[in-house]
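Visitor: Have a look at this one.
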Amino acid sequence: MRIVQATLEHLDLLTPLFIKYREFYGELPFPDSSRKFLETRLKRKESVIYLALADDEDKLLGYCQLFPSYSSLSLKRVWILNDIFVAEDARRMLVADRLLQTAKQMAKETNAVRMRVATSVDNEVAQKVYESIGFREDTKFKNYILELGD
């Protein structure tokens with residue numbers, strides 16, 4: 001398995017797995033909008049996306065997408081691990097671990113103070129994976145959201 005940073009040339013490879021990620025969380029596929037979303041993030045350099053590819057072919061095993069943010073308190077960058085998804089036939093191959101280790105290394109190299117991640121409260125598999133590389137549940141701050149509609 002090799003980990004590469006996604007470019008616009010990877011859109012055709014990435015979009016189907018991104019759609020499966022969205023469907024996993026109950027969203028409709030919207031293939032054109034999904035592709036456009038990824039394309040815009042990459043063109044504007046608004047996210048960093050890592051791809052896990054099979055060694056012998058350009059088969060996408062999984063991906064993760066991180067968005068930059070900042071901490072006013074620490075005066076440093078924070079990376080938000082917004083998406084991570086592994087193809088069903090690539091699970092239990094440590095794909096998520098490799099993607100997370102790569103993301104963690106990039107966060108360190110960009111002098112980030114921390115990475116943040118959220119997952120559904122019932123996704124115990126993801127929680128165990130995050131904890132295995134050092135993520136801990138935030139006990140200092142309670143997070144809130146404000147839905148703004150469509």
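Ligands are numbered from 1 in the order shown, chains are lettered A, B, ... in the order of the structure tokens, and residues start at 1 in each chain.
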Excluding same-chain residues fewer than 4 positions from Leu61 (chain A), what lies within 9 Å of it counting only C-alpha atoms, as a PyMOL selection string?

Guide: chain A and resi 1+17+51-54+85-91+95

Visitor: Do a neighbour search on Leu14 (chain A) at 9 Å with only C-alpha atoms, toss out local chain neighbours closer than 6 positions, and write the hits as a ChimeraX atom specification.

Guide: /A:6,35,38,51,60,62-63

Visitor: Go ahead and compute the interatomic distance for CA of Gly134 (chain A) and CA of Thr110 (chain A), in Å to one decimal.

Guide: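 So the two atoms, CA of Gly134 (chain A) and CA of Thr110 (chain A), lie 18.2 Å apart.
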
Visitor: Find the residues near Ser69 (chain A): any atom within 10 Å, counting only C-alpha atoms, skip ones fewer than 4 places away on the same chain, and give them as a ChimeraX atom specification.

Guide: /A:76-80,112,115-116

Visitor: Could you save the residues just selected, with C-alpha atoms, as a PDB file, in the first residue's frame?

Guide:
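Saved result, part-v4.pdb, follows:
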```
ATOM      1  CA  LYS A  76      -1.282  27.889  15.947  1.00  0.00           C
ATOM      2  CA  ARG A  77      -2.830  25.805  13.222  1.00  0.00           C
ATOM      3  CA  VAL A  78      -5.306  23.017  13.937  1.00  0.00           C
ATOM      4  CA  TRP A  79      -6.143  20.300  11.405  1.00  0.00           C
ATOM      5  CA  ILE A  80      -9.689  18.963  11.292  1.00  0.00           C
ATOM      6  CA  ALA A 112      -0.104  22.335  14.161  1.00  0.00           C
ATOM      7  CA  MET A 115      -5.805  17.503  15.147  1.00  0.00           C
ATOM      8  CA  ARG A 116      -9.546  17.256  15.748  1.00  0.00           C
TER       9      ARG A 116
END
```

Visitor: So that I can see what lies close to Arg41 (chain A), please list as a PyMOL selection string the residues with an atom at most 12 Å from it, counting only C-alpha atoms and leaving out residues fewer than 3 positions away in the same chain.

Guide: chain A and resi 6-8+11+34-38+44-49+65-68

Visitor: Using CA of Ala96 (chain A) and CA of Leu42 (chain A) as the two end points, give the distance in Å to one decimal.

Guide: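 Going from CA of Ala96 (chain A) over to CA of Leu42 (chain A), I get 21.2 Å.
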
Visitor: Can you pull out every residue within 12 Å of region 144-149 of chain A, counting only C-alpha atoms, but drop anything in the same chain fewer than 2 positions away, and send it as a PyMOL selection string?

Guide: chain A and resi 118+141-142

Visitor: Tell me which of A:Leu28, A:Leu73, A:Ile3, A:Leu13 sits closest to Arg98 (chain A), counting only C-alpha atoms.

Guide: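 Closest to Arg98 (chain A), using only C-alpha atoms: A:Ile3.
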
Visitor: Please, which residues of region 57-101 of chain A, numbered as in this document, come out alpha helix (DSSP H) from DSSP, as JSON, numbers by chain?

Guide: {"A": [95, 96, 97, 98, 99, 100, 101]}

Visitor: Would you put the residues from that selection into a file with N, CA and C atoms, as a PDB file, in the first residue's frame?

Guide:
```pdb
ATOM      1  N   VAL A  95      -5.522   0.150   6.617  1.00  0.00           N
ATOM      2  CA  VAL A  95      -5.563   1.308   5.720  1.00  0.00           C
ATOM      3  C   VAL A  95      -5.791   2.584   6.520  1.00  0.00           C
ATOM      4  N   ALA A  96      -6.772   2.570   7.409  1.00  0.00           N
ATOM      5  CA  ALA A  96      -7.068   3.766   8.207  1.00  0.00           C
ATOM      6  C   ALA A  96      -5.860   4.160   9.049  1.00  0.00           C
ATOM      7  N   ASP A  97      -5.178   3.179   9.615  1.00  0.00           N
ATOM      8  CA  ASP A  97      -3.991   3.473  10.425  1.00  0.00           C
ATOM      9  C   ASP A  97      -2.927   4.193   9.605  1.00  0.00           C
ATOM     10  N   ARG A  98      -2.673   3.703   8.408  1.00  0.00           N
ATOM     11  CA  ARG A  98      -1.657   4.332   7.542  1.00  0.00           C
ATOM     12  C   ARG A  98      -2.065   5.747   7.156  1.00  0.00           C
ATOM     13  N   LEU A  99      -3.340   5.933   6.827  1.00  0.00           N
ATOM     14  CA  LEU A  99      -3.819   7.273   6.480  1.00  0.00           C
ATOM     15  C   LEU A  99      -3.688   8.218   7.673  1.00  0.00           C
ATOM     16  N   LEU A 100      -4.073   7.744   8.846  1.00  0.00           N
ATOM     17  CA  LEU A 100      -4.001   8.582  10.047  1.00  0.00           C
ATOM     18  C   LEU A 100      -2.563   8.913  10.423  1.00  0.00           C
ATOM     19  N   GLN A 101      -1.665   7.978  10.276  1.00  0.00           N
ATOM     20  CA  GLN A 101      -0.252   8.249  10.572  1.00  0.00           C
ATOM     21  C   GLN A 101       0.307   9.301   9.615  1.00  0.00           C
TER      22      GLN A 101
END
```
